[in-house]
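Asker: Pasting in a structure now, in C-alpha cells, and then I'll have a few things to ask.
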Amino acid sequence: GHAPGESSAVVVCGSEGEIANVPRSFNHMLELVSPDGDLSVVLAQSRDSVWADITMFSEDQLRQRIAWTFALTFAITPSAVSDFWRETEQYMHYYDIFVRHAFGNYRDMLLDVSYSHVMGEMLGHLGSRSATHAYRINRSISFADENFAREILQLFSVGLVMLNRDGTEMVDATGKVIPTYSNVEITSYARTWTGLSRQALRGNIEESSDRNKIDPMIVIADYRDNLPKTDLYGGYIGDKYPLCVDIVQAGFLAKGSQYRMLGSDFTSQTYFAEWGSSTPPEAADFFELASGSNLYQALCKPSGGVCAFNETTVTLASDLTCFDKECDVDTLRVIKVDDIYFEYIRPPCVYLSFFDNPHTVRNRGRAWYGSFCMDPLLPEATEVCCDPSNLNNGIMTDTCNYVAERSTLATTQTSCAAKGQVLCDFRSIIDSGTSCDKWLWGYHWMSSGCSIQVKIRDEDGFIALVHAPVDGIPERNLEIDASHYFNANWSRNRYPTSSSDEGCGSCETIDNGCLCDTTLSTRTVYRRAPTSAESVISRLEIAVSEDLFDPSGYTSTQIDTNLKAYFKGTSCCDEESVFEATDSRTQRTWLLKNIESLVYIEDDGNDIATVGGFSPYAFRNPPNFHSISRVDWNNAATKYETEAVLDSIFYHPNVAPFVSLRLSQRLGMSNPSPEFIERATTAFETGLFTSGGQNFGAGKYGDLAATVAAIVLDPESTTDYLDTDPTYGSVREPLLKFMNVMRSLEVKPYEKYPYIEFNDIDEVIGEGPHAFPSIFSFFLSDYSLAGDIANAGLKSPEAQLLTTGNIVALMNGIYSLISYGFNNCNGGLSQRVPGWCGRATDGFFDEASARVTYTAPADLDEAISEASMILTGGRLTDVNKQMIKGIVEEVAATDRDKAIRVLHLLTASTPEFHATSIPSTTGVARPVTPAPVPATKPYKAIVNLMLVGGVDSFNMIVPIGGCRNDIFSQYTAIRGPVALGAGALSNRITTAGQVCSSMGVHPQFPFLKTMYEINKEAVLIGNVGVMSKEVDKTNFWTETVTQLFAHNAMQEEIRNLDPFGAVPETSPLGRFSDALINDYSVRAVTVDTTTDGLIGRVDVSPPVYSISRRGVTAFNIDPAVDDMTTHIQKLNGETNSGTGYFGEAWSQKFNEAIDQTDLLQEVLSLETVDTAFPSTTIGERLKTVAQLIKTRSRMEVERDVFYVEMIGFDTHALVETGLRELFVELNAALQSFVDELKIQEVWDFVTLVETSDFARTLSPNGGAGTDHAWGGHIFVAGGAVNGGRMLGEYPDDFSEDGPYNMGRGRIIPTLSYDAVFNALAQWFGIP
C-alpha cells in the first residue's frame, strides 16, 4: 500500500483464497489436533483428511465431484513432487484449481495447471531451459523437455487422434485414424514450455525447503526459446496477432497500453536489469514523469491533492497526448510517478522473422562478437555516435532521457546529426562521463547493413536463421554453424535441396542442405471481396490491434454474419483493406490485414526457373513473440507467447468432444452415444445449455457449467429405462463407492477424533485422494476389460482397478465401516488402530473414530427400498431385493439393529452398487473354480518385468571398446551432459559381433554383468521395439500402425504384441497360456497391477490371479451372518443373456477375487522364501513372485506366467540421477530373486524377460533428461539361457545422417519384440 506522505510502497499479491497464517503453526499449513491435544494426522496424510471432510460434508457436492473428475485428468504423482512427505498446502492449492474452475472455463483451468509448480515438477517444464539458451552460453546441444508438451496435448486437450464433434474417431480414405499431431508438433510445443521458474519465497505459505511452491510459476525470457514455433494447424504460434512494429509506431501513450505498479523498487519484473551492481540508484533505468503529464495523472489517480495509486495495473482507455520529454522518446520501460514506480507493458504483438532494410546492432560488452540484424523501425537499440574523423571510437550519448533508452534507427541518426556526429561501425566505446553510459551490456545501432539468410535442411525443408552482419560476428544462435531448425510453411511444399537435380541453385551447398539469401515480399491477398469468414480466417494471419484500429477512416460492408470488410476508396479490396472475421465455432473475432508476408529464396535466374520474376521457392514469414535478436527480450512477451500456446490448444476442434467424452466417462457413462457427446460438445462450444427453462453457462466457448449441465441433464443421463441397456453405465470408482457408503449412512466423526484419517487408502483399494500413481491417473480412459466388454467394443476405464487385492480390500473396508465404525479392524480403512480390535464385535462403535448415524425406516420393506435408493440409486433388482429381504428378516427376528447393518452390508455387495448398469440376475451362484489337476510334467515359468516409463537403455548398455565408426565418440557427443564416461563404465562385458567388441553396463547395475559375463545366464538384445513391419526414416510415420511415443499406447502394444488386432485384447503370455491350457496346468499371476499383461482369450485362458505385493488378505474375516460369502456369491451369481455388461464385470471379478483369496492365502501361508529381499516396491514384488513359484507343487502348477512392473523410468529430468537410484533398486531386487530361485533349485526352469515402453532420445533436453524415443535394448535372463551374448543389432551410427536416427537421437528399432517372445514360446513348449 501507499499512504499520503509515505515515500515507499510494497505491492503484495497472495494466492487464490489465501488467509492469514496462525503464528503457532510456524511454516506448516495444517496441524490437525484433536480436542485432547493429540496430533491425529501426520502432514503427509492431512490433505487426505481435508479432502474426505469436504467430500462428506460440503453442500456443493456436484462442484466437488467435478473437481475430483478433473483431478483425475490432471493427475499428480506425489513422489514426483518435492517435499511430498512434509507439506500439505501445495497439493490442496493445486486441487483447488479444479474446485475453483469446476463451473468456470476450461481455458482458465488449463492456464492455472500449466503455471502450477506442482505440474511443473511433475512433467518437467519447471526449470526447463531452451536449446538456444544452452547454445548461447556454451555451444552445448540440447533440446527442450518434451514431457509437458506431449501430455498437455494427449491427456489434457486434444488426444492422440482427430475426433468428429460427436467424439468418434476421424479416419482417412484408407480407413486409418488421423493422428492429431506428430513429433514435429511435440518438438515445437516443447520449445514453448521453456523458461518457467518459481517465484521468490514469501511469507504466509507453507514451506520446508525455502522454495515457493504455492504461487504460479513465472516466465524468464532469457531461458525461453526465442525462435518461431509451429502450431497444430500448419501455422505458427503468433498467427493473427498485431505486429510489434505497428504497436511501437502507435506509441506507449496509445489506447490499450498497460502499466503495472512495481512499488517503491524500480527493479523491473519484465525487462532485464542491464546495469552493473555498482550503478547508483540515480543512474537506474527509469523515466520520471512530470506532474503535468496526462500519463502521470492516469497512473497517479490523484485524490485530495495526492496520488491514490488505487490500481496496481492501469490500462489506458484512450490515446493520450505526450508532455514535455515524453515527446522525445520512442518507448519507455520503467516510469517513476512521485515515489512509486510502474513499468510499461507493451500489448501482445509479434515480430516477423524477416523485415525490410535490416540493420546491424552490436553488443557493447563483446565488441565484434554478438551482432544481429535489426528492424530499423523498432526502438530496440541505443545510441552511439562517432566523430566523422574517427569512425572506430564510438561516443556514448550524454543526452539520454533515461539509462538504456532505446530508439529507432532514424531517431538515433537524427540525434547523432544534431551533435555533428554520425552513426558508425565502432570498434570501442568512449564513456560520456554521464549516467547514460552505465548501461554495461547494451546493444547499439551500427552504420552498416545486415542480411538474413536461411539454412534449408534437405530431409524436411526445415529452416534455420542465419544473420550476416556486414561488419561483426553474429550472435551464436544466428551463426552459420548453429542448427536451430524449425518448420517452414513452404508454398506448394517446394524447397531447394542439395540432392535435387538442380541442387541448391544459386544458394550455397552445405552439409545436408542449402544456405540461401532471401528477398521479402508483401502482397495483397484478396483483390475482390471474399465470400466467407472461413476463407479469410484460413488465409490471413496478420492482425490489426483492436485498440489501434479506427474504423472511421474506412468504408465498410457486411459480407455475411461473420464477416465485415473495411476498405478505402469505393470498393474492396487492396493492401489497406481490413477484415473483421468471426469464427462461428470458437466465437473469436479478429481484425485481419489483407496482406501476407512471403520470404523468397534469392536466385540469379540462371539455375532455377523463376515465376513472375521471383524464385519459385517461398515460405510464409514466420511470426514470433520474441525479437529474433536478443536486444528486447522481455518476460511480458514470453507470457504472451504462453497464452497464445494455450489458445492454440484450447481452440483446437478436438477439445470440445475430448473434454465432453472424458467428463461423461467420469460421471457414469463409459460409452456415451455419439449423439450425447455432440450435444455436450455444442454446450462446450457455445457456452450455453438450457433445461427446464433454466439457462446454464456464460455463453463463452469452453464454459464448463454449460458442459456439465448438458451431461448431467441430458435424457441419456436422466432416463431410467436406459439403465437396462447392457452397454449403458460404468463400473464405479472404488474411492467414490466407499465415500458413497460414508455419506449415505451418515458417518460422523467422534469429537475426540474430528477428522477422517485414511490408512494409505490408495495402496489398499487402488485409489485415493492426492495419490495418483502416474500422469495417467488410476485408470486409462480407453481401457477395455477383457471379455464381454472388450468383445462388444466398449470401454470400461474404472474396471482397470478390478484386481483381487483391490476388490477384497474395498469390501473388507466397507464391511468394517458398517460393522465396527471407521477404524482399521478386520480390514478397516482408517489409520487409527484402536487397542480393542481383537475383541471387536458387530455393532460396537465406542472406540471407532467415526460411526454410522443413519436411521433406517421402521418398516423393513421401506428400509430395503431406501437402502436401494441411497446406495444403488434405486437400481437394486427384484431378485436381489428378495434375496436380501429373506436374509434380513431372519436376522431381524432377534436383532433389528443388526438386521439393518446386514441390509447395508449385502446391498453394498451387489453389482447394482458397484456398477451403474442393471444386471439381470438369476440368484444362482456361479460355478466353483475346480480343484487343480495333479501336476505330472516338468515346471517352467516366464516372468515379464516391465520397466514402466521408458528406460534409457542407451545408458544401461553403452558402447565403449573395440568400436567401429568411433561409435563411443558419437555416443559422448550426442548424449552430451548425460553421457557416461569411460571411467564410470567399469562393468564391461564382451559383445562379439556387435559394433563394439565390449560394452559397459551401467555402474549401478553390476548384477546384470554378473548374469551376462560371469554366469552366462543372460543375453542382451539390441535395438528392440514394437514394430508392425520394417521401416526406415522415410516411411516410419506412415507405415507404422502403432501410435509412437505415447506411454499408454506403447505400453499397450508391448503388452499385446498384436498391432493388427489378430487376437484383440490379448497379451503374448496370455496367448502362451491359451496354447498350453489343454496339455499343462497353467497359472497366470500379476502383482500390484491389472491382469492385462497376461490376458488370453476369455473362453480359453485360465483366470488371472492379481495380488498385492503385501500378500493376500482374507475376505470378510468376521462375517455378520452365517454363510455370508455364499449369500454374496448368489447376489453376484449367474446372469441372463442381455445383462448389464458392467455389473456382470464386477460380479465376475468379485467371485474370482473370493476364490483366489481363499486358495492363495492358504498356500502362501505354508511357503516362505529363504532369501532376504530389499524392502523396495520392486523388491517386494519379486519376492512375491518367488514365493508364488515356491507354491508350484501345492497348486499343481506346470506352467507359470508372471507380469511385474517397476515404475519411475520416465526420466525427462536428471536422467542419470534417476537411473542411478532405479538401477540400485533393480540390481538388489533382481539379485535376491535369482538367489532365491537358485535356493529353490528352479532357476534353470525360469526365464525373466525385461521390457519397457520405449527407449529414450540420445540427445538430452534442457533439464539433463531424455525424452520419448523408440528402439532400445533389453535383457533376458534365466538358468536355461545361453548367455554371454548380445543378440540383435546395436546401432553403429548415432549421427543425424545415420540410417537409424529419425531425429533427436530417436532410433528406429531393427528387431521386433515378436522375435523375442517367439523364442520364449519355443522354450516354453509351444509348438
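Ligands are numbered from 1 in the order shown, chains are lettered A, B, ... in the order of the C-alpha cells, and residues start at 1 in each chain.
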Please provide as a ChimeraX atom specification all residues within 9 Å of range 947-963 of chain A, with the sequence filter that same-chain residues fewer than 4 positions apart are discarded (counting only C-alpha atoms).
Answerer: /A:967-969,971,978-980,982,985,988,994-1003,1005,1020,1047,1051,1204-1211,1215-1216,1219,1223,1250-1258,1266-1270,1272-1274,1290,1292
Asker: Give the helix (DSSP H, G or I) residues of range 417-656 of chain A, as DSSP finds them on the backbone, and put them as an MDAnalysis selection string.
Answerer: chainID A and resid 417:418 435:438 476:478 491:493 533:539 551:553 630:632 635:650 655:656
Asker: Of the residues A:Leu663, A:Ala1277, A:Met946, A:Ala1046, which is the one nearest to Leu160 in chain A, using only C-alpha atoms?
Answerer: A:Ala1046
Asker: Excluding range 718-720 of chain A and its own-chain neighbours fewer than 4 positions away, which residues fall within 12 Å of it when counting only C-alpha atoms? Please give them as a PDB file with C-alpha atoms, in the first residue's frame.
Answerer:
```pdb
ATOM      1  CA  GLY A 668     -21.012 -42.588 -15.018  1.00  0.00           C
ATOM      2  CA  MET A 669     -21.167 -43.301 -18.757  1.00  0.00           C
ATOM      3  CA  ALA A 709     -25.251 -29.306 -17.218  1.00  0.00           C
ATOM      4  CA  ALA A 710     -25.516 -30.759 -20.723  1.00  0.00           C
ATOM      5  CA  ILE A 711     -24.066 -34.027 -19.457  1.00  0.00           C
ATOM      6  CA  VAL A 712     -25.944 -34.499 -16.193  1.00  0.00           C
ATOM      7  CA  LEU A 713     -29.291 -33.221 -17.505  1.00  0.00           C
ATOM      8  CA  ASP A 714     -29.230 -34.955 -20.875  1.00  0.00           C
ATOM      9  CA  THR A 724     -31.437 -51.780 -18.556  1.00  0.00           C
ATOM     10  CA  ASP A 725     -29.382 -51.292 -21.733  1.00  0.00           C
ATOM     11  CA  TYR A 728     -25.107 -48.345 -20.545  1.00  0.00           C
ATOM     12  CA  GLY A 729     -23.365 -47.112 -17.421  1.00  0.00           C
ATOM     13  CA  GLY A 873     -29.625 -45.135  -6.915  1.00  0.00           C
ATOM     14  CA  GLY A 874     -32.689 -47.364  -6.901  1.00  0.00           C
ATOM     15  CA  ARG A 875     -31.157 -49.945  -9.230  1.00  0.00           C
ATOM     16  CA  THR A 916     -24.411 -48.151 -12.819  1.00  0.00           C
ATOM     17  CA  SER A 917     -25.991 -50.697 -15.139  1.00  0.00           C
ATOM     18  CA  ILE A 918     -28.738 -53.062 -14.016  1.00  0.00           C
TER      19      ILE A 918
END
```
Asker: Do a neighbour search on range 222-227 of chain A at 10 Å with only C-alpha atoms, toss out local chain neighbours closer than 4 positions, and write the hits as a VMD selection string.
Answerer: chain A and resid 127 to 134 143 to 144 188 190 to 197 272 353 464 to 465 477 484 to 486 622 to 630 633 to 635 638 1262
Asker: To one decimal place, how far is CA of Cys837 in chain A from CA of Leu905 in chain A in Å?
Answerer: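 The value is 19.5 Å.
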Asker: Considering only strand (DSSP E) as DSSP defines it on the backbone, what residues of range 1093-1305 of chain A qualify? List them as number ranges by chain.
Answerer: A: 1104-1107, 1199-1206, 1246-1252, 1272-1278, 1286-1288
Asker: Please provide the set of residues having any atom within 6 Å of range 1114-1129 of chain A, restricted to only C-alpha atoms, with same-chain residues fewer than 4 positions apart removed, written as a list in words.
Answerer: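 Listing them by chain and then by number gives Val808, Asn812, Ala925 and Gly1133 of chain A.
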Asker: Would you save the residues of that selection, restricted to all heavy atoms, as a CSV table (one decimal), in the first residue's frame?
Answerer:
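Okay, result_0.csv is ready:
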```
chain,number,residue,atom,x,y,z
A,808,VAL,N,-11.0,-57.1,-2.7
A,808,VAL,CA,-11.1,-57.7,-1.3
A,808,VAL,C,-10.9,-56.5,-0.3
A,808,VAL,O,-11.6,-56.5,0.7
A,808,VAL,CB,-10.1,-58.8,-1.1
A,808,VAL,CG1,-10.0,-59.2,0.4
A,808,VAL,CG2,-10.5,-60.0,-2.0
A,812,ASN,N,-13.7,-55.4,2.4
A,812,ASN,CA,-13.4,-55.5,3.8
A,812,ASN,C,-13.5,-54.2,4.5
A,812,ASN,O,-14.0,-54.0,5.6
A,812,ASN,CB,-12.0,-56.1,4.0
A,812,ASN,CG,-11.9,-57.5,3.8
A,812,ASN,OD1,-12.9,-58.2,3.7
A,812,ASN,ND2,-10.7,-58.1,3.7
A,925,ALA,N,-25.7,-69.1,-7.7
A,925,ALA,CA,-24.3,-68.8,-7.6
A,925,ALA,C,-23.5,-69.4,-8.8
A,925,ALA,O,-24.0,-70.3,-9.5
A,925,ALA,CB,-23.7,-69.5,-6.3
A,1133,GLY,N,-24.4,-63.7,-8.7
A,1133,GLY,CA,-24.4,-65.0,-9.3
A,1133,GLY,C,-24.6,-64.9,-10.8
A,1133,GLY,O,-24.4,-63.8,-11.5
```
Asker: Residues at most 10 Å from range 66-74 of chain A, counting only C-alpha atoms, excluding those fewer than 3 positions away in the same chain, as an NGL selection string?
Answerer: :A and (51 or 55 or 61-63 or 94-103 or 109-110 or 113 or 119 or 151-152 or 155-157 or 659 or 662-667 or 704 or 708 or 736 or 769-770 or 772 or 775-781)
Asker: Expressed in Å to a single decimal, how great is the separation between CA of Ala317 in chain A and CA of Ser293 in chain A?
Answerer: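 Distance reported for this atom pair: 15.8 Å.
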Asker: Please list as an NGL selection string every residue within 8 Å of Phe1324 in chain A, counting only C-alpha atoms and excluding residues in the same chain fewer than 4 positions away.
Answerer: :A and (940-941 or 1320)
Asker: Of the candidates A:Thr555, A:Lys564, A:Asn105, A:Ser1295, which shows the shortest atom-to-atom distance to Phe684 in chain A, using only C-alpha atoms?
Answerer: A:Asn105
Asker: Taking into account only C-alpha atoms, which residue in the set A:Asn1048, A:Ser257, A:Thr1113, A:Ser648 is nearest to Glu546 in chain A?
Answerer: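 Of all the options, A:Ser257 lies closest to Glu546 in chain A.
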Asker: Nearest residue to Ser82 in chain A out of A:Ser114, A:Thr331, A:Leu1076, A:Glu207, using only C-alpha atoms?
Answerer: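 Among A:Ser114, A:Thr331, A:Leu1076, A:Glu207, it is A:Glu207 that comes nearest to Ser82 in chain A.
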